[in-house]
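> Got a structure for you, entry03.cif, holding mmCIF, C-alpha atoms and all ligand atoms.
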data_structure
#
loop_
_atom_site.label_atom_id
_atom_site.label_comp_id
_atom_site.auth_asym_id
_atom_site.auth_seq_id
_atom_site.Cartn_x
_atom_site.Cartn_y
_atom_site.Cartn_z
CA MET A 5 14.25 -6.82 8.59
CA ARG A 6 13.13 -3.54 7.09
CA ILE A 7 9.90 -3.20 5.08
CA LEU A 8 8.78 -0.07 3.27
CA VAL A 9 5.04 0.71 3.44
CA ILE A 10 3.86 3.17 0.79
CA ASN A 11 0.49 4.91 0.83
CA GLY A 12 -0.65 6.90 -2.18
CA PRO A 13 -2.81 9.97 -2.74
CA ASN A 14 -5.61 11.01 -0.42
CA LEU A 15 -4.89 8.28 2.11
CA ASN A 16 -3.62 11.08 4.37
CA LEU A 17 -7.30 12.11 4.55
CA LEU A 18 -8.55 8.85 6.04
CA GLY A 19 -11.34 9.52 8.51
CA LEU A 20 -12.47 12.61 6.60
CA ARG A 21 -12.55 10.95 3.23
CA GLU A 22 -15.72 8.98 2.28
CA PRO A 23 -15.98 7.32 5.72
CA GLN A 24 -18.75 5.04 4.42
CA ILE A 25 -16.09 3.43 2.18
CA TYR A 26 -12.81 3.89 4.04
CA GLY A 27 -14.03 3.98 7.65
CA GLU A 28 -13.77 6.61 10.36
CA GLN A 29 -10.23 5.98 11.51
CA SER A 30 -7.66 8.62 10.59
CA TYR A 31 -4.30 8.30 8.83
CA GLN A 32 -2.69 8.79 12.24
CA ASP A 33 -4.68 5.74 13.42
CA LEU A 34 -3.33 3.78 10.45
CA LEU A 35 0.22 4.82 11.36
CA SER A 36 -0.28 3.67 14.97
CA TYR A 37 -1.76 0.39 13.72
CA LEU A 38 1.19 -0.18 11.36
CA HIS A 39 3.76 0.58 14.04
CA SER A 40 2.11 -1.84 16.46
CA CYS A 41 2.11 -4.53 13.72
CA GLY A 42 5.81 -3.85 13.14
CA GLU A 43 6.61 -4.27 16.85
CA ASP A 44 4.49 -7.41 17.07
CA LEU A 45 6.09 -9.06 14.08
CA GLY A 46 9.61 -7.86 14.74
CA ILE A 47 9.78 -5.84 11.51
CA GLU A 48 11.35 -2.41 11.16
CA LEU A 49 8.74 -0.43 9.23
CA GLN A 50 9.38 2.67 7.21
CA VAL A 51 6.07 4.30 6.28
CA PHE A 52 5.81 6.80 3.45
CA GLN A 53 2.76 8.67 2.12
CA SER A 54 2.63 10.94 -0.89
CA ASN A 55 0.06 12.51 -3.16
CA HIS A 56 2.62 12.63 -5.99
CA GLU A 57 3.36 9.85 -8.45
CA GLY A 58 7.04 10.81 -8.96
CA ALA A 59 7.67 10.90 -5.21
CA ILE A 60 6.31 7.35 -4.96
CA VAL A 61 8.58 6.26 -7.84
CA ASP A 62 11.53 7.86 -5.99
CA ALA A 63 10.64 6.06 -2.73
CA ILE A 64 10.50 2.70 -4.55
CA GLN A 65 13.88 3.33 -6.19
CA GLU A 66 15.40 4.37 -2.84
CA ALA A 67 14.19 1.13 -1.25
CA TYR A 68 16.57 -0.86 -3.46
CA GLY A 69 19.33 -2.31 -1.29
CA LYS A 70 17.72 -0.94 1.90
CA ALA A 71 14.35 -2.68 2.30
CA ALA A 72 13.63 -6.40 2.14
CA GLY A 73 10.16 -5.84 0.72
CA ILE A 74 7.38 -3.36 0.01
CA VAL A 75 3.73 -3.07 1.00
CA ILE A 76 1.98 -0.59 -1.26
CA ASN A 77 -1.47 0.96 -1.37
CA PRO A 78 -1.03 3.07 -4.51
CA ALA A 79 -4.58 4.47 -4.08
CA ALA A 80 -5.84 6.05 -7.35
CA TYR A 81 -2.45 5.45 -9.03
CA THR A 82 -3.34 1.75 -8.92
CA HIS A 83 -5.58 2.33 -11.89
CA THR A 84 -3.35 4.68 -13.90
CA SER A 85 0.34 4.36 -13.14
CA ILE A 86 2.67 2.48 -15.45
CA ALA A 87 5.52 4.49 -13.85
CA ILE A 88 4.88 2.90 -10.43
CA LEU A 89 4.55 -0.54 -12.03
CA ASP A 90 7.88 -0.05 -13.84
CA ALA A 91 9.62 1.14 -10.65
CA LEU A 92 8.40 -1.96 -8.76
CA LYS A 93 9.59 -4.19 -11.60
CA ALA A 94 12.94 -2.39 -11.73
CA VAL A 95 13.81 -2.89 -8.06
CA ALA A 96 12.23 -6.39 -8.07
CA LEU A 97 11.65 -6.42 -4.30
CA PRO A 98 8.93 -8.74 -2.99
CA THR A 99 5.83 -6.54 -2.95
CA VAL A 100 2.25 -6.91 -1.75
CA GLU A 101 -0.55 -4.58 -2.90
CA VAL A 102 -3.17 -3.52 -0.36
CA HIS A 103 -6.51 -1.72 -0.74
CA LEU A 104 -8.71 -0.81 2.20
CA SER A 105 -11.86 -1.19 0.10
CA ASN A 106 -12.77 -4.01 -2.26
CA ILE A 107 -11.84 -2.44 -5.61
CA HIS A 108 -13.58 -5.30 -7.44
CA GLU A 109 -16.98 -4.37 -6.01
CA ARG A 110 -16.85 -0.67 -6.83
CA GLU A 111 -16.88 1.38 -10.07
CA SER A 112 -15.63 -0.53 -13.12
CA PHE A 113 -12.61 1.80 -13.52
CA ARG A 114 -11.28 0.54 -10.18
CA ARG A 115 -11.29 -3.11 -11.23
CA HIS A 116 -8.03 -2.93 -13.14
CA SER A 117 -4.74 -2.60 -11.28
CA TYR A 118 -1.58 -1.79 -13.20
CA ILE A 119 0.37 -2.64 -10.06
CA SER A 120 -0.81 -6.24 -9.49
CA SER A 121 1.51 -7.77 -12.08
CA ALA A 122 4.53 -6.67 -10.02
CA CYS A 123 3.08 -8.04 -6.75
CA LEU A 124 3.06 -11.40 -4.98
CA ALA A 125 -0.51 -10.79 -3.88
CA SER A 126 -3.24 -8.20 -3.79
CA ILE A 127 -5.29 -7.83 -0.59
CA CYS A 128 -8.55 -5.89 -0.91
CA GLY A 129 -11.49 -4.99 1.26
CA LYS A 130 -10.02 -5.89 4.65
CA GLY A 131 -9.45 -2.38 5.99
CA PHE A 132 -6.38 -1.84 8.16
CA SER A 133 -5.95 -5.59 8.74
CA GLY A 134 -5.05 -5.98 5.05
CA TYR A 135 -1.70 -4.33 5.84
CA ARG A 136 -0.98 -6.86 8.60
CA GLU A 137 -1.84 -9.69 6.22
CA ALA A 138 0.52 -8.18 3.65
CA LEU A 139 3.36 -8.00 6.22
CA LEU A 140 2.77 -11.65 7.18
CA LEU A 141 2.90 -12.68 3.51
CA LEU A 142 6.18 -10.81 3.04
CA LEU A 143 7.65 -12.40 6.18
CA GLU A 144 6.82 -15.86 4.84
CA GLN A 145 8.25 -15.02 1.43
CA ILE A 146 11.47 -13.46 2.69
CA LYS A 147 12.34 -16.13 5.31
C1 LIG B 1 -7.92 2.47 -2.51
C2 LIG B 1 -8.85 2.16 -3.67
C3 LIG B 1 -8.58 3.08 -4.85
O1 LIG B 1 -9.46 2.79 -5.92
C4 LIG B 1 -8.80 4.52 -4.44
O2 LIG B 1 -8.49 5.39 -5.51
C5 LIG B 1 -8.07 4.90 -3.21
C6 LIG B 1 -7.98 3.94 -2.11
C7 LIG B 1 -8.25 1.63 -1.25
O3 LIG B 1 -7.42 1.60 -0.34
O4 LIG B 1 -9.34 1.07 -1.17
O5 LIG B 1 -7.62 6.02 -3.06
O6 LIG B 1 -6.58 2.14 -2.88
#
Would you give me this structure, written as structure tokens?
Ligand code: DQA


Amino acid sequence: MRILVINGPNLNLLGLREPQIYGEQSYQDLLSYLHSCGEDLGIELQVFQSNHEGAIVDAIQEAYGKAAGIVINPAAYTHTSIAILDALKAVALPTVEVHLSNIHERESFRRHSYISSACLASICGKGFSGYREALLLLLEQIK
């Protein structure tokens, strides 16, 4: 089974970026973690990161017919992007939203997610392990 994992803007700067919020592990560390989860769970993972909204929309559209589900951390686009929401609704693949930090315990502008309404679940504040939880949820759903 193939799952597409999408990471949005500035997640490529993990480790450097506000380590008190996002931790000290780098994006490379996240990639290694994801690949070891994939091996463990017997899932073929395709991981994509972009700082550009349109590129994320393109990746979601391209997943149609190729991936069985999507794990997405849309980063700041969570709180702004109707285009990403519409793309997820258009392809209608089972999708789980992940945030490293707990967006509900931060600034008020982070409390609203445009993306949640296209997702089976939203996992927040669990760091890297939130991605593993999301993969497990998708596995259950897709079986
Ligand atoms: C984030 C939370 C967002 O509010 C923020 O803009 C990010 C990362 C998270 O993983 O906690 O870039 O999605």

> Please return as a PyMOL selection string the residues found within 12 Å of ligand LIG 1 (chain B), counting only C-alpha atoms and all ligand atoms.

chain A and resi 10-18+21-27+31+34+53-55+76-85+101-119+126-135

> Please identify all polymer residues within 7 Å of Ala138 of chain A, counting all atoms listed in the file, omitting same-chain residues fewer than 4 positions from it, and present them as a PyMOL selection string.

chain A and resi 75+100+134+142

> Can you spit out the residues from that selection as a PDB file, keeping the file's coordinate frame, using C-alpha atoms?


ATOM      1  CA  VAL A  75       3.730  -3.070   1.000  1.00  0.00           C
ATOM      2  CA  VAL A 100       2.250  -6.910  -1.750  1.00  0.00           C
ATOM      3  CA  GLY A 134      -5.050  -5.980   5.050  1.00  0.00           C
ATOM      4  CA  LEU A 142       6.180 -10.810   3.040  1.00  0.00           C
TER       5      LEU A 142
END

> Go ahead and compute the interatomic distance for atom CA of Arg136 of chain A and atom CA of Leu92 of chain A, in Å to one decimal.

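Going from atom CA of Arg136 of chain A over to atom CA of Leu92 of chain A covers 20.3 Å.
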
> Excluding segment 57-63 of chain A and its own-chain neighbours fewer than 5 positions away, which residues fall within 7 Å of it when counting all atoms listed in the file? Please give them as a VMD selection string.

chain A and resid 87 to 88 91

> Pick the closest to Ile146 of chain A from A:Leu97, A:Ile86, A:Val9, A:Ala122: which is it, counting only C-alpha atoms?

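Using only C-alpha atoms, Ile146 of chain A sits closest to A:Leu97.
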
> Please measure the separation of atom CA of Ile47 of chain A and atom CA of Leu20 of chain A, giving the value in Å to one decimal.

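Separating atom CA of Ile47 of chain A from atom CA of Leu20 of chain A is a distance of 29.3 Å.
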
> Could I see segment 90-101 of chain A restored to all heavy atoms, set down as an mmCIF file, keeping the file's coordinate frame?


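Okay, this is what ended up in selection_22.cif:
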data_model
loop_
_atom_site.group_PDB
_atom_site.id
_atom_site.type_symbol
_atom_site.label_atom_id
_atom_site.label_comp_id
_atom_site.auth_asym_id
_atom_site.auth_seq_id
_atom_site.Cartn_x
_atom_site.Cartn_y
_atom_site.Cartn_z
ATOM 1 N N ASP A 90 6.508 0.111 -13.334
ATOM 2 C CA ASP A 90 7.880 -0.050 -13.840
ATOM 3 C C ASP A 90 8.909 0.066 -12.720
ATOM 4 O O ASP A 90 9.907 -0.663 -12.716
ATOM 5 C CB ASP A 90 8.185 1.004 -14.928
ATOM 6 C CG ASP A 90 7.516 0.681 -16.248
ATOM 7 O OD1 ASP A 90 7.002 -0.446 -16.410
ATOM 8 O OD2 ASP A 90 7.495 1.563 -17.132
ATOM 9 N N ALA A 91 8.679 0.977 -11.774
ATOM 10 C CA ALA A 91 9.620 1.140 -10.650
ATOM 11 C C ALA A 91 9.639 -0.144 -9.809
ATOM 12 O O ALA A 91 10.713 -0.621 -9.416
ATOM 13 C CB ALA A 91 9.215 2.334 -9.788
ATOM 14 N N LEU A 92 8.461 -0.722 -9.551
ATOM 15 C CA LEU A 92 8.400 -1.960 -8.760
ATOM 16 C C LEU A 92 9.114 -3.091 -9.496
ATOM 17 O O LEU A 92 9.860 -3.872 -8.907
ATOM 18 C CB LEU A 92 6.946 -2.348 -8.469
ATOM 19 C CG LEU A 92 6.214 -1.440 -7.472
ATOM 20 C CD1 LEU A 92 4.720 -1.780 -7.430
ATOM 21 C CD2 LEU A 92 6.819 -1.554 -6.069
ATOM 22 N N LYS A 93 8.915 -3.142 -10.825
ATOM 23 C CA LYS A 93 9.590 -4.190 -11.600
ATOM 24 C C LYS A 93 11.094 -3.962 -11.614
ATOM 25 O O LYS A 93 11.878 -4.908 -11.580
ATOM 26 C CB LYS A 93 9.038 -4.223 -13.025
ATOM 27 C CG LYS A 93 7.664 -4.857 -13.085
ATOM 28 C CD LYS A 93 7.248 -5.106 -14.501
ATOM 29 C CE LYS A 93 6.090 -6.087 -14.559
ATOM 30 N NZ LYS A 93 5.517 -6.148 -15.901
ATOM 31 N N ALA A 94 11.509 -2.712 -11.661
ATOM 32 C CA ALA A 94 12.940 -2.390 -11.730
ATOM 33 C C ALA A 94 13.661 -2.842 -10.461
ATOM 34 O O ALA A 94 14.706 -3.477 -10.548
ATOM 35 C CB ALA A 94 13.133 -0.892 -11.947
ATOM 36 N N VAL A 95 13.100 -2.536 -9.295
ATOM 37 C CA VAL A 95 13.810 -2.890 -8.060
ATOM 38 C C VAL A 95 13.607 -4.366 -7.701
ATOM 39 O O VAL A 95 14.407 -4.947 -6.974
ATOM 40 C CB VAL A 95 13.447 -1.978 -6.852
ATOM 41 C CG1 VAL A 95 13.784 -0.531 -7.163
ATOM 42 C CG2 VAL A 95 12.001 -2.129 -6.436
ATOM 43 N N ALA A 96 12.520 -4.947 -8.232
ATOM 44 C CA ALA A 96 12.230 -6.390 -8.070
ATOM 45 C C ALA A 96 12.260 -6.856 -6.613
ATOM 46 O O ALA A 96 12.712 -7.968 -6.321
ATOM 47 C CB ALA A 96 13.183 -7.219 -8.930
ATOM 48 N N LEU A 97 11.776 -6.010 -5.703
ATOM 49 C CA LEU A 97 11.650 -6.420 -4.300
ATOM 50 C C LEU A 97 10.307 -7.125 -4.131
ATOM 51 O O LEU A 97 9.332 -6.752 -4.793
ATOM 52 C CB LEU A 97 11.698 -5.187 -3.387
ATOM 53 C CG LEU A 97 13.056 -4.503 -3.277
ATOM 54 C CD1 LEU A 97 12.920 -3.119 -2.646
ATOM 55 C CD2 LEU A 97 14.011 -5.372 -2.469
ATOM 56 N N PRO A 98 10.231 -8.127 -3.233
ATOM 57 C CA PRO A 98 8.930 -8.740 -2.990
ATOM 58 C C PRO A 98 7.932 -7.668 -2.529
ATOM 59 O O PRO A 98 8.226 -6.908 -1.598
ATOM 60 C CB PRO A 98 9.197 -9.765 -1.885
ATOM 61 C CG PRO A 98 10.657 -9.768 -1.631
ATOM 62 C CD PRO A 98 11.303 -8.672 -2.405
ATOM 63 N N THR A 99 6.801 -7.621 -3.200
ATOM 64 C CA THR A 99 5.830 -6.540 -2.950
ATOM 65 C C THR A 99 4.423 -7.101 -2.829
ATOM 66 O O THR A 99 4.042 -8.008 -3.571
ATOM 67 C CB THR A 99 5.888 -5.512 -4.109
ATOM 68 O OG1 THR A 99 7.204 -4.971 -4.177
ATOM 69 C CG2 THR A 99 4.896 -4.377 -3.931
ATOM 70 N N VAL A 100 3.666 -6.554 -1.884
ATOM 71 C CA VAL A 100 2.250 -6.910 -1.750
ATOM 72 C C VAL A 100 1.420 -5.633 -1.871
ATOM 73 O O VAL A 100 1.739 -4.608 -1.267
ATOM 74 C CB VAL A 100 1.963 -7.635 -0.417
ATOM 75 C CG1 VAL A 100 0.479 -7.954 -0.286
ATOM 76 C CG2 VAL A 100 2.778 -8.931 -0.315
ATOM 77 N N GLU A 101 0.369 -5.713 -2.681
ATOM 78 C CA GLU A 101 -0.550 -4.580 -2.900
ATOM 79 C C GLU A 101 -1.706 -4.685 -1.909
ATOM 80 O O GLU A 101 -2.221 -5.782 -1.688
ATOM 81 C CB GLU A 101 -1.070 -4.705 -4.345
ATOM 82 C CG GLU A 101 -2.118 -3.709 -4.754
ATOM 83 C CD GLU A 101 -2.651 -4.001 -6.169
ATOM 84 O OE1 GLU A 101 -2.393 -5.097 -6.734
ATOM 85 O OE2 GLU A 101 -3.358 -3.136 -6.705
#
